[in-house]
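One structure is given here, and the rest of the page talks about it.
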Amino acid sequence: MFYIIYASINTYKEVSMRRRINYVILSLIFLLSVIIGAACTIGNKQQREQNSFDRFINEMFIKEVQADTLSLNYTLANPENYGITIEKASLGNYTIQTMNDGITSTENYMREIDKFNYELLSPDQQLTYKILKYYLEQKIISGDFIYYNECLGPTTGIQAQLPILLAEYNFYDPEDIDYYLELLPSIYDYFKDIAEYQREKSKHGLFMSDKNADIVIEQCQSFIADTDNNFLIEYFNDKIYNYPGLSSKQILAYQNTNKEAVTKYVIPAYKMLINVLQELKGSGTNDKGLYYYSKGKEYYSFLVKKKTGSSKPMAEITRMLDKAINKSIEEISSIYYADGNIIDKLLSFDSFPLTEPKAIMEDLKKGIAKDFPELISVDYDIKYIHESLEDYLSPAMYLVPAIDSYNNNTIYINGRDDDTLSTIYTTVAHEGYPGHLYQCVYFRNTNPAPIRNLMDFIGYDEGWATYVEMYSYQLTGIDDNLAKVFAANNILILCMYARADIGIHYEGWTKEEVVSYVLNYISSEETAELIYYTLLEEPAIYLPYAVGCLEILELRNQAETALREQFTLKDFHTFLLDIGPAPFGIIEEHLNQWIDNRSIKVVIYQ
């Protein structure tokens, strides 16, 4: 009976406990369902926000990439994959109204991007969000300086760059040939817009100096000097002749159509531009730096921020340049005292061991393997700038390939003489491996949001290329100390140019002051004057190279200091390449996170 009672009591307790357990389980299930429901709601909300952001930036990309046919051709090999069809080939417009409309459109984009909840975006989206917002902000600010912009710079102006861009227009399929030939007539109308813009600048007292006008005029005259054998005719004829699948009849028809378009529209466009510049000569109100315009200092500050991507104020950038110059002098002096033969080595130097560009590219591929991540295999072609353009274009240039067809790359070199080729090694490093070509292909291969390929951050691009150019001296095969002197000297000269540029355009230095400053570093007064006039031509042209490189060196030093023995160049370079073109302030934020993450890993492993 005790057993039964006992059994009976235990049964009662068991039933009661089960009820409590069931109640607890039901409560937990209810609570869990609430949590899961909330999580699902949050998850769904997050997914909706991320999907919505992707739609926004993709729609923005599709709209902006169609601004003109030339940009579209260089950005996308297969625009149809993005739902884009070309109705009429055109260079677009270059009018004050178009510029103001662009600012209005940018303000609308800014309002749209501000609606997104940053916290709900994925890490990649958050990076794109910050970069895009920065880019839009700078573009809106540019609206305050519409008449200050100069589109006819002697080196980077439209008239200087257009012939190469047209020559390298991509013929992905025969239809692109038709688009190209349809594009040529629009050049005359585009140049008419530029001419009218120059007249507007003149009315506002902002037309270029007579010296600059003469340079641009001479440049245009040189390009159109030989009408029948113009660069765009010769180059197109060869390009079409070697295009696969065309019959002799088709080749001849294309060549005739191109020659007619060049002689009827392109050359007259350049002649018209020459006439307008001659007409406006003498209307400029300032033959000195931007400092002497009413909003000159303000515009220059904006220009420096835009071109360098640096968040530093002007005073700090100036100090950074001065510090880099002094450091370079100290490095050169240190080598001089340590190596008694360094002067003899400098005086006897006449060439790097390798002078053939393609051989240099292959040598660089091997030389950078230790300190840079592996790059996918791509094709490249090295060409020489046509003689009609040699006197005005940069020493070399890399043409950025389409984001959906980056296997084929082109580098142009200015000059094919022995003197140019004798020291071409580091220039090839700047443009090829591990410079622009390497960085561009690497970034494209990470499959970033398409919109990121439309945002230009010259400071990052040229800063990287300059940084690795200095790195490449150690790979040239020359004496180590000599390589260090060359690298330090190049940094010194580059920073001296940038510092003098600030002096001219932000601090109001006169020619005499610039010459006096430059003579601290070189011995030729004639060269010092030439530097002054070069810096007058295109304000801030050297700052992306100098400041961009110094910003990267600062980031590297920051990482080295924090990580110490855990720091490797390959890891740092991988970080910088992965993040891609961006303002340096944003890169620094991510570098701090990168350092923290690596520090945590080190602690865990220990």
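We name chains A, B, ... following the order of the structure tokens; residues begin at 1 in each chain, and ligands are numbered from 1 as shown.
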
Can I get the residues of stretch 399-420 of chain A within 12 Å of stretch 167-186 of chain A, each with the closest pair of atoms and their distance in Å to one decimal, using only C-alpha atoms, sorted chain first then ascending number, as JSON lines?
```
{"residue": "A:Leu399", "atom": "CA", "partner": "A:Glu168", "partner_atom": "CA", "distance": 8.5}
{"residue": "A:Val400", "atom": "CA", "partner": "A:Glu168", "partner_atom": "CA", "distance": 10.8}
{"residue": "A:Pro401", "atom": "CA", "partner": "A:Asn170", "partner_atom": "CA", "distance": 9.3}
{"residue": "A:Ala402", "atom": "CA", "partner": "A:Asn170", "partner_atom": "CA", "distance": 9.2}
{"residue": "A:Asp404", "atom": "CA", "partner": "A:Tyr172", "partner_atom": "CA", "distance": 11.6}
{"residue": "A:Ser405", "atom": "CA", "partner": "A:Tyr172", "partner_atom": "CA", "distance": 9.6}
{"residue": "A:Tyr406", "atom": "CA", "partner": "A:Asn170", "partner_atom": "CA", "distance": 11.9}
{"residue": "A:Asn408", "atom": "CA", "partner": "A:Asn170", "partner_atom": "CA", "distance": 10.4}
{"residue": "A:Asn409", "atom": "CA", "partner": "A:Glu168", "partner_atom": "CA", "distance": 10.7}
{"residue": "A:Thr410", "atom": "CA", "partner": "A:Glu168", "partner_atom": "CA", "distance": 8.7}
{"residue": "A:Ile411", "atom": "CA", "partner": "A:Glu168", "partner_atom": "CA", "distance": 10.8}
{"residue": "A:Tyr412", "atom": "CA", "partner": "A:Glu168", "partner_atom": "CA", "distance": 10.6}
```

Selection export as an mmCIF file, in the first residue's frame, atoms kept: N, CA, C and O atoms:
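Saved result, selection-v9.cif, follows:
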```cif
data_model
loop_
_atom_site.group_PDB
_atom_site.id
_atom_site.type_symbol
_atom_site.label_atom_id
_atom_site.label_comp_id
_atom_site.auth_asym_id
_atom_site.auth_seq_id
_atom_site.Cartn_x
_atom_site.Cartn_y
_atom_site.Cartn_z
ATOM 1 N N LEU A 399 45.183 53.118 -70.470
ATOM 2 C CA LEU A 399 43.774 53.278 -70.802
ATOM 3 C C LEU A 399 42.951 52.258 -70.022
ATOM 4 O O LEU A 399 43.115 51.049 -70.200
ATOM 5 N N VAL A 400 42.083 52.749 -69.159
ATOM 6 C CA VAL A 400 41.289 51.879 -68.293
ATOM 7 C C VAL A 400 40.309 51.059 -69.130
ATOM 8 O O VAL A 400 39.551 51.620 -69.933
ATOM 9 N N PRO A 401 40.296 49.729 -68.985
ATOM 10 C CA PRO A 401 39.416 48.878 -69.802
ATOM 11 C C PRO A 401 37.994 48.838 -69.256
ATOM 12 O O PRO A 401 37.723 49.298 -68.138
ATOM 13 N N ALA A 402 37.100 48.274 -70.046
ATOM 14 C CA ALA A 402 35.702 48.132 -69.635
ATOM 15 C C ALA A 402 35.598 47.207 -68.422
ATOM 16 O O ALA A 402 36.393 46.284 -68.258
ATOM 17 N N ASP A 404 33.472 44.982 -67.783
ATOM 18 C CA ASP A 404 33.080 43.612 -68.117
ATOM 19 C C ASP A 404 33.985 43.008 -69.189
ATOM 20 O O ASP A 404 33.650 41.987 -69.792
ATOM 21 N N SER A 405 35.132 43.641 -69.425
ATOM 22 C CA SER A 405 36.088 43.109 -70.405
ATOM 23 C C SER A 405 37.474 43.689 -70.115
ATOM 24 O O SER A 405 38.014 44.458 -70.891
ATOM 25 N N TYR A 406 38.013 43.280 -68.957
ATOM 26 C CA TYR A 406 39.293 43.863 -68.550
ATOM 27 C C TYR A 406 40.476 42.935 -68.833
ATOM 28 O O TYR A 406 41.553 43.114 -68.284
ATOM 29 N N ASN A 408 41.892 42.706 -71.832
ATOM 30 C CA ASN A 408 42.765 43.395 -72.787
ATOM 31 C C ASN A 408 43.072 44.808 -72.304
ATOM 32 O O ASN A 408 42.162 45.604 -72.057
ATOM 33 N N ASN A 409 44.364 45.117 -72.178
ATOM 34 C CA ASN A 409 44.795 46.396 -71.631
ATOM 35 C C ASN A 409 45.788 47.078 -72.565
ATOM 36 O O ASN A 409 46.546 46.407 -73.271
ATOM 37 N N THR A 410 45.779 48.415 -72.536
ATOM 38 C CA THR A 410 46.659 49.181 -73.416
ATOM 39 C C THR A 410 47.432 50.226 -72.631
ATOM 40 O O THR A 410 46.858 50.976 -71.836
ATOM 41 N N ILE A 411 48.734 50.266 -72.881
ATOM 42 C CA ILE A 411 49.611 51.290 -72.310
ATOM 43 C C ILE A 411 50.250 52.054 -73.463
ATOM 44 O O ILE A 411 50.722 51.454 -74.430
ATOM 45 N N TYR A 412 50.233 53.380 -73.366
ATOM 46 C CA TYR A 412 50.891 54.222 -74.355
ATOM 47 C C TYR A 412 52.164 54.807 -73.755
ATOM 48 O O TYR A 412 52.180 55.250 -72.606
#
```

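By chain and then residue number, the residues within 9 Å of A:Glu551 are Ser310, Gly459, Tyr460, Gly463 and Phe584 of chain A, counting only C-alpha atoms and disregarding those fewer than 6 positions away in sequence.
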
Legend entry - 7 Å contact set for stretch 135-148 of chain A, only C-alpha atoms, chain neighbours under 5 positions out, as an MDAnalysis selection string: chainID A and resid 103 106:107 110 201 206 299 306

Writing out the chosen residues with N, CA and C atoms as a PDB file, in the first residue's frame:
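Wrote it out as part23.pdb, contents follow:
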```pdb
ATOM      1  N   ILE A 103      24.313  69.154 -61.483  1.00  0.00           N
ATOM      2  CA  ILE A 103      24.334  69.445 -60.044  1.00  0.00           C
ATOM      3  C   ILE A 103      22.966  69.144 -59.427  1.00  0.00           C
ATOM      4  N   THR A 106      22.596  65.503 -59.065  1.00  0.00           N
ATOM      5  CA  THR A 106      23.423  65.030 -57.954  1.00  0.00           C
ATOM      6  C   THR A 106      22.746  65.303 -56.617  1.00  0.00           C
ATOM      7  N   GLU A 107      22.128  66.465 -56.493  1.00  0.00           N
ATOM      8  CA  GLU A 107      21.395  66.790 -55.256  1.00  0.00           C
ATOM      9  C   GLU A 107      20.242  65.823 -55.034  1.00  0.00           C
ATOM     10  N   MET A 110      21.657  62.664 -53.745  1.00  0.00           N
ATOM     11  CA  MET A 110      22.022  62.813 -52.339  1.00  0.00           C
ATOM     12  C   MET A 110      20.796  62.653 -51.433  1.00  0.00           C
ATOM     13  N   LYS A 201      33.421  81.975 -69.788  1.00  0.00           N
ATOM     14  CA  LYS A 201      34.523  82.166 -68.856  1.00  0.00           C
ATOM     15  C   LYS A 201      35.148  83.548 -69.055  1.00  0.00           C
ATOM     16  N   LEU A 206      37.495  84.942 -66.356  1.00  0.00           N
ATOM     17  CA  LEU A 206      38.185  83.715 -65.964  1.00  0.00           C
ATOM     18  C   LEU A 206      38.785  82.958 -67.150  1.00  0.00           C
ATOM     19  N   TYR A 299      38.507  77.959 -54.532  1.00  0.00           N
ATOM     20  CA  TYR A 299      38.444  76.965 -55.603  1.00  0.00           C
ATOM     21  C   TYR A 299      39.639  76.020 -55.546  1.00  0.00           C
ATOM     22  N   LYS A 306      39.542  67.456 -54.117  1.00  0.00           N
ATOM     23  CA  LYS A 306      38.973  66.592 -55.158  1.00  0.00           C
ATOM     24  C   LYS A 306      40.047  65.728 -55.802  1.00  0.00           C
TER      25      LYS A 306
END
```

Inset, instruction - Pull the strand (DSSP E or B) assignments for stretch 299-474 of chain A out of DSSP run on the backbone, and list those residues as an NGL selection string. - result: :A and (379-384 or 396-399 or 402 or 405 or 408-413)

Inset, instruction - Write out as a ChimeraX atom specification all residues of stretch 188-343 of chain A that DSSP puts in helix (DSSP H, G or I) for this structure's backbone. - result: /A:188-203,210-223,231-241,248-280,290-292,296-308,314-338,342-343

Legend entry - Residue nearest A:Pro353 among A:Ala500, A:Ala562, A:Leu475, A:Leu166 (counting only C-alpha atoms): A:Leu475

With a distance cut-off of 12 Å and only C-alpha atoms, select the neighbouring residues of A:Ile458, excluding the residue or stretch itself and same-chain residues fewer than 3 positions from it, and output the selection as a PDB file with N, CA and C atoms, in the first residue's frame.
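New file around-v3.pdb:
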```pdb
ATOM      1  N   LEU A 303      39.767  72.059 -55.306  1.00  0.00           N
ATOM      2  CA  LEU A 303      40.462  71.300 -56.339  1.00  0.00           C
ATOM      3  C   LEU A 303      41.457  70.316 -55.728  1.00  0.00           C
ATOM      4  N   VAL A 304      42.179  70.764 -54.712  1.00  0.00           N
ATOM      5  CA  VAL A 304      43.161  69.898 -54.050  1.00  0.00           C
ATOM      6  C   VAL A 304      42.463  68.725 -53.369  1.00  0.00           C
ATOM      7  N   LYS A 305      41.358  69.006 -52.688  1.00  0.00           N
ATOM      8  CA  LYS A 305      40.621  67.937 -52.011  1.00  0.00           C
ATOM      9  C   LYS A 305      40.069  66.935 -53.019  1.00  0.00           C
ATOM     10  N   LYS A 306      39.542  67.456 -54.117  1.00  0.00           N
ATOM     11  CA  LYS A 306      38.973  66.592 -55.158  1.00  0.00           C
ATOM     12  C   LYS A 306      40.047  65.728 -55.802  1.00  0.00           C
ATOM     13  N   LYS A 307      41.186  66.336 -56.116  1.00  0.00           N
ATOM     14  CA  LYS A 307      42.218  65.610 -56.856  1.00  0.00           C
ATOM     15  C   LYS A 307      43.035  64.678 -55.973  1.00  0.00           C
ATOM     16  N   THR A 308      43.208  65.016 -54.704  1.00  0.00           N
ATOM     17  CA  THR A 308      44.039  64.175 -53.839  1.00  0.00           C
ATOM     18  C   THR A 308      43.232  63.165 -53.044  1.00  0.00           C
ATOM     19  N   GLY A 309      41.960  63.466 -52.763  1.00  0.00           N
ATOM     20  CA  GLY A 309      41.172  62.582 -51.913  1.00  0.00           C
ATOM     21  C   GLY A 309      41.603  62.662 -50.458  1.00  0.00           C
ATOM     22  N   SER A 310      42.436  63.651 -50.127  1.00  0.00           N
ATOM     23  CA  SER A 310      42.924  63.801 -48.754  1.00  0.00           C
ATOM     24  C   SER A 310      41.958  64.665 -47.954  1.00  0.00           C
ATOM     25  N   HIS A 436      49.056  51.099 -62.518  1.00  0.00           N
ATOM     26  CA  HIS A 436      47.656  51.273 -62.914  1.00  0.00           C
ATOM     27  C   HIS A 436      47.014  49.996 -63.444  1.00  0.00           C
ATOM     28  N   MET A 455      33.220  56.421 -60.352  1.00  0.00           N
ATOM     29  CA  MET A 455      33.726  57.465 -59.466  1.00  0.00           C
ATOM     30  C   MET A 455      35.245  57.519 -59.567  1.00  0.00           C
ATOM     31  N   ASP A 461      44.425  56.599 -57.231  1.00  0.00           N
ATOM     32  CA  ASP A 461      44.971  55.980 -58.442  1.00  0.00           C
ATOM     33  C   ASP A 461      46.421  56.384 -58.677  1.00  0.00           C
ATOM     34  N   GLU A 462      46.665  57.694 -58.697  1.00  0.00           N
ATOM     35  CA  GLU A 462      48.020  58.161 -58.980  1.00  0.00           C
ATOM     36  C   GLU A 462      48.929  58.014 -57.762  1.00  0.00           C
ATOM     37  N   GLY A 463      48.341  58.081 -56.579  1.00  0.00           N
ATOM     38  CA  GLY A 463      49.128  57.849 -55.367  1.00  0.00           C
ATOM     39  C   GLY A 463      49.673  56.433 -55.343  1.00  0.00           C
ATOM     40  N   TRP A 464      48.812  55.465 -55.678  1.00  0.00           N
ATOM     41  CA  TRP A 464      49.244  54.064 -55.745  1.00  0.00           C
ATOM     42  C   TRP A 464      50.325  53.880 -56.803  1.00  0.00           C
ATOM     43  N   ALA A 465      50.088  54.417 -57.999  1.00  0.00           N
ATOM     44  CA  ALA A 465      51.041  54.236 -59.096  1.00  0.00           C
ATOM     45  C   ALA A 465      52.392  54.875 -58.774  1.00  0.00           C
ATOM     46  N   THR A 466      52.374  56.020 -58.093  1.00  0.00           N
ATOM     47  CA  THR A 466      53.628  56.680 -57.708  1.00  0.00           C
ATOM     48  C   THR A 466      54.333  55.903 -56.600  1.00  0.00           C
ATOM     49  N   ALA A 540      47.258  72.151 -59.503  1.00  0.00           N
ATOM     50  CA  ALA A 540      47.120  70.913 -58.718  1.00  0.00           C
ATOM     51  C   ALA A 540      47.407  69.647 -59.518  1.00  0.00           C
ATOM     52  N   ILE A 541      48.030  69.778 -60.686  1.00  0.00           N
ATOM     53  CA  ILE A 541      48.237  68.597 -61.530  1.00  0.00           C
ATOM     54  C   ILE A 541      49.188  67.595 -60.879  1.00  0.00           C
ATOM     55  N   TYR A 542      50.144  68.049 -60.073  1.00  0.00           N
ATOM     56  CA  TYR A 542      51.103  67.134 -59.459  1.00  0.00           C
ATOM     57  C   TYR A 542      50.668  66.647 -58.077  1.00  0.00           C
ATOM     58  N   LEU A 543      49.663  67.274 -57.510  1.00  0.00           N
ATOM     59  CA  LEU A 543      49.293  66.921 -56.135  1.00  0.00           C
ATOM     60  C   LEU A 543      48.731  65.508 -55.970  1.00  0.00           C
ATOM     61  N   PRO A 544      47.944  64.979 -56.907  1.00  0.00           N
ATOM     62  CA  PRO A 544      47.480  63.595 -56.737  1.00  0.00           C
ATOM     63  C   PRO A 544      48.638  62.605 -56.620  1.00  0.00           C
ATOM     64  N   TYR A 545      49.711  62.842 -57.371  1.00  0.00           N
ATOM     65  CA  TYR A 545      50.873  61.960 -57.342  1.00  0.00           C
ATOM     66  C   TYR A 545      51.607  62.091 -56.010  1.00  0.00           C
ATOM     67  N   ALA A 546      51.921  63.327 -55.636  1.00  0.00           N
ATOM     68  CA  ALA A 546      52.718  63.555 -54.431  1.00  0.00           C
ATOM     69  C   ALA A 546      51.926  63.265 -53.161  1.00  0.00           C
ATOM     70  N   VAL A 547      50.784  63.911 -53.009  1.00  0.00           N
ATOM     71  CA  VAL A 547      49.989  63.747 -51.790  1.00  0.00           C
ATOM     72  C   VAL A 547      49.423  62.334 -51.700  1.00  0.00           C
ATOM     73  N   GLY A 548      48.977  61.786 -52.836  1.00  0.00           N
ATOM     74  CA  GLY A 548      48.454  60.420 -52.829  1.00  0.00           C
ATOM     75  C   GLY A 548      49.495  59.426 -52.355  1.00  0.00           C
ATOM     76  N   CYS A 549      50.717  59.559 -52.857  1.00  0.00           N
ATOM     77  CA  CYS A 549      51.812  58.675 -52.443  1.00  0.00           C
ATOM     78  C   CYS A 549      52.113  58.834 -50.959  1.00  0.00           C
ATOM     79  N   GLY A 580      40.007  49.427 -52.792  1.00  0.00           N
ATOM     80  CA  GLY A 580      39.823  50.093 -54.074  1.00  0.00           C
ATOM     81  C   GLY A 580      39.854  51.611 -53.984  1.00  0.00           C
ATOM     82  N   PRO A 581      39.677  52.283 -55.124  1.00  0.00           N
ATOM     83  CA  PRO A 581      39.719  53.753 -55.151  1.00  0.00           C
ATOM     84  C   PRO A 581      38.705  54.367 -54.191  1.00  0.00           C
ATOM     85  N   ALA A 582      39.198  55.266 -53.345  1.00  0.00           N
ATOM     86  CA  ALA A 582      38.353  55.883 -52.322  1.00  0.00           C
ATOM     87  C   ALA A 582      39.082  57.073 -51.723  1.00  0.00           C
ATOM     88  N   PRO A 583      38.380  57.940 -51.001  1.00  0.00           N
ATOM     89  CA  PRO A 583      39.048  59.027 -50.275  1.00  0.00           C
ATOM     90  C   PRO A 583      39.901  58.439 -49.152  1.00  0.00           C
ATOM     91  N   PHE A 584      41.014  59.083 -48.843  1.00  0.00           N
ATOM     92  CA  PHE A 584      41.933  58.525 -47.860  1.00  0.00           C
ATOM     93  C   PHE A 584      41.360  58.533 -46.437  1.00  0.00           C
TER      94      PHE A 584
END
```

Legend entry - Nearest to A:Asp210 by atom-to-atom distance, counting only C-alpha atoms, from A:Leu120, A:Met60, A:Leu536, A:Ile451: A:Leu536

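Interatomic distance, atom CA of A:Glu316 against atom CA of A:His573: 25.2 Å.
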
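With only C-alpha atoms as the basis for measurement, A:Ser599 is the residue among A:Gln161, A:Ser472, A:Ser599, A:Asn44 that approaches A:Thr561 most closely.
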
Inset, instruction - Pick out the residues sitting within 8 Å of A:Lys281, and hand them over as a list in words; count only C-alpha atoms, and ignore anything fewer than 4 positions along from it in its own chain. - result: Ser209, Asp210, Ala213 and Leu277 of chain A

Written file, previous selection with N, CA, C and O atoms, as a PDB file, in the first residue's frame:
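That gives us selection04.pdb:
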```
ATOM      1  N   SER A 209      45.201  82.416 -69.483  1.00  0.00           N
ATOM      2  CA  SER A 209      46.224  83.392 -69.848  1.00  0.00           C
ATOM      3  C   SER A 209      46.589  83.252 -71.319  1.00  0.00           C
ATOM      4  O   SER A 209      46.357  82.197 -71.934  1.00  0.00           O
ATOM      5  N   ASP A 210      47.145  84.291 -71.893  1.00  0.00           N
ATOM      6  CA  ASP A 210      47.556  84.233 -73.299  1.00  0.00           C
ATOM      7  C   ASP A 210      48.591  83.138 -73.531  1.00  0.00           C
ATOM      8  O   ASP A 210      48.591  82.480 -74.580  1.00  0.00           O
ATOM      9  N   ALA A 213      46.786  79.905 -73.738  1.00  0.00           N
ATOM     10  CA  ALA A 213      46.030  79.859 -74.995  1.00  0.00           C
ATOM     11  C   ALA A 213      46.958  79.530 -76.153  1.00  0.00           C
ATOM     12  O   ALA A 213      46.608  78.724 -77.035  1.00  0.00           O
ATOM     13  N   LEU A 277      39.934  80.552 -79.551  1.00  0.00           N
ATOM     14  CA  LEU A 277      40.992  80.872 -78.586  1.00  0.00           C
ATOM     15  C   LEU A 277      41.770  82.113 -79.029  1.00  0.00           C
ATOM     16  O   LEU A 277      42.137  82.959 -78.191  1.00  0.00           O
TER      17      LEU A 277
END
```

Inset, instruction - Pick out the residues sitting within 12 Å of A:Asn520, and hand them over as a list of chain:residue names; count only C-alpha atoms, and ignore anything fewer than 4 positions along from it in its own chain. - result: A:Ile325, A:Asn326, A:Ile329, A:Leu492, A:Ile493, A:Met496, A:Ala500, A:Glu513, A:Val514, A:Val515, A:Ser516, A:Ser524, A:Glu525, A:Ala528

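Between atom CA of A:Pro123 and atom CA of A:Ser71 there is a distance of 29.1 Å.
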
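Look at A:Ala225: the protein and nucleic acid residues within 9 Å of it, using only C-alpha atoms and passing over chain neighbours fewer than 5 places away, are Cys220, Asn230 and Ser388 of chain A.
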
Using the selection just defined, write its residues with all heavy atoms as a PDB file, in the first residue's frame.
```
ATOM      1  N   CYS A 220      46.716  72.169 -80.964  1.00  0.00           N
ATOM      2  CA  CYS A 220      45.661  71.858 -81.936  1.00  0.00           C
ATOM      3  C   CYS A 220      46.200  71.937 -83.359  1.00  0.00           C
ATOM      4  O   CYS A 220      45.869  71.101 -84.221  1.00  0.00           O
ATOM      5  CB  CYS A 220      44.487  72.827 -81.771  1.00  0.00           C
ATOM      6  SG  CYS A 220      43.574  72.644 -80.229  1.00  0.00           S
ATOM      7  N   ASN A 230      46.188  62.412 -91.202  1.00  0.00           N
ATOM      8  CA  ASN A 230      45.913  62.672 -89.793  1.00  0.00           C
ATOM      9  C   ASN A 230      45.981  61.369 -88.982  1.00  0.00           C
ATOM     10  O   ASN A 230      45.642  60.288 -89.476  1.00  0.00           O
ATOM     11  CB  ASN A 230      44.530  63.315 -89.632  1.00  0.00           C
ATOM     12  CG  ASN A 230      44.208  63.662 -88.194  1.00  0.00           C
ATOM     13  OD1 ASN A 230      43.645  62.857 -87.461  1.00  0.00           O
ATOM     14  ND2 ASN A 230      44.580  64.863 -87.780  1.00  0.00           N
ATOM     15  N   SER A 388      52.468  63.444 -83.775  1.00  0.00           N
ATOM     16  CA  SER A 388      51.723  64.705 -83.741  1.00  0.00           C
ATOM     17  C   SER A 388      51.239  65.055 -82.336  1.00  0.00           C
ATOM     18  O   SER A 388      50.797  66.173 -82.082  1.00  0.00           O
ATOM     19  CB  SER A 388      50.523  64.648 -84.697  1.00  0.00           C
ATOM     20  OG  SER A 388      49.581  63.672 -84.267  1.00  0.00           O
TER      21      SER A 388
END
```

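The space separating atom CA of A:Thr104 from atom CA of A:Glu64 comes to 13.6 Å.
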
Legend entry - Selected residue, from A:Glu331, A:Thr156, A:Leu393, A:Gly289, that lies nearest to A:Lys511 when counting only C-alpha atoms: A:Gly289

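Counting only C-alpha atoms and comparing A:Ile215, A:Leu76, A:Ile343, A:Ile522, the residue that lies closest to A:Pro450 is A:Leu76.
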
Legend entry - Residue nearest A:Asn237 - candidates A:Ala253, A:Ile224, A:Ile595, A:Leu550, atoms counted: only C-alpha atoms: A:Ala253

Sorted per-residue table, stretch 282-337 of chain A near stretch 483-486 of chain A, closest atoms and distance, 10 Å, only C-alpha atoms, as JSON lines:
```
{"residue": "A:Ser328", "atom": "CA", "partner": "A:Val485", "partner_atom": "CA", "distance": 8.7}
{"residue": "A:Ile329", "atom": "CA", "partner": "A:Val485", "partner_atom": "CA", "distance": 9.5}
{"residue": "A:Glu331", "atom": "CA", "partner": "A:Val485", "partner_atom": "CA", "distance": 7.6}
{"residue": "A:Ile332", "atom": "CA", "partner": "A:Val485", "partner_atom": "CA", "distance": 5.6}
{"residue": "A:Ser333", "atom": "CA", "partner": "A:Val485", "partner_atom": "CA", "distance": 9.1}
{"residue": "A:Ser334", "atom": "CA", "partner": "A:Val485", "partner_atom": "CA", "distance": 9.8}
{"residue": "A:Ile335", "atom": "CA", "partner": "A:Val485", "partner_atom": "CA", "distance": 7.4}
{"residue": "A:Tyr336", "atom": "CA", "partner": "A:Val485", "partner_atom": "CA", "distance": 8.9}
```
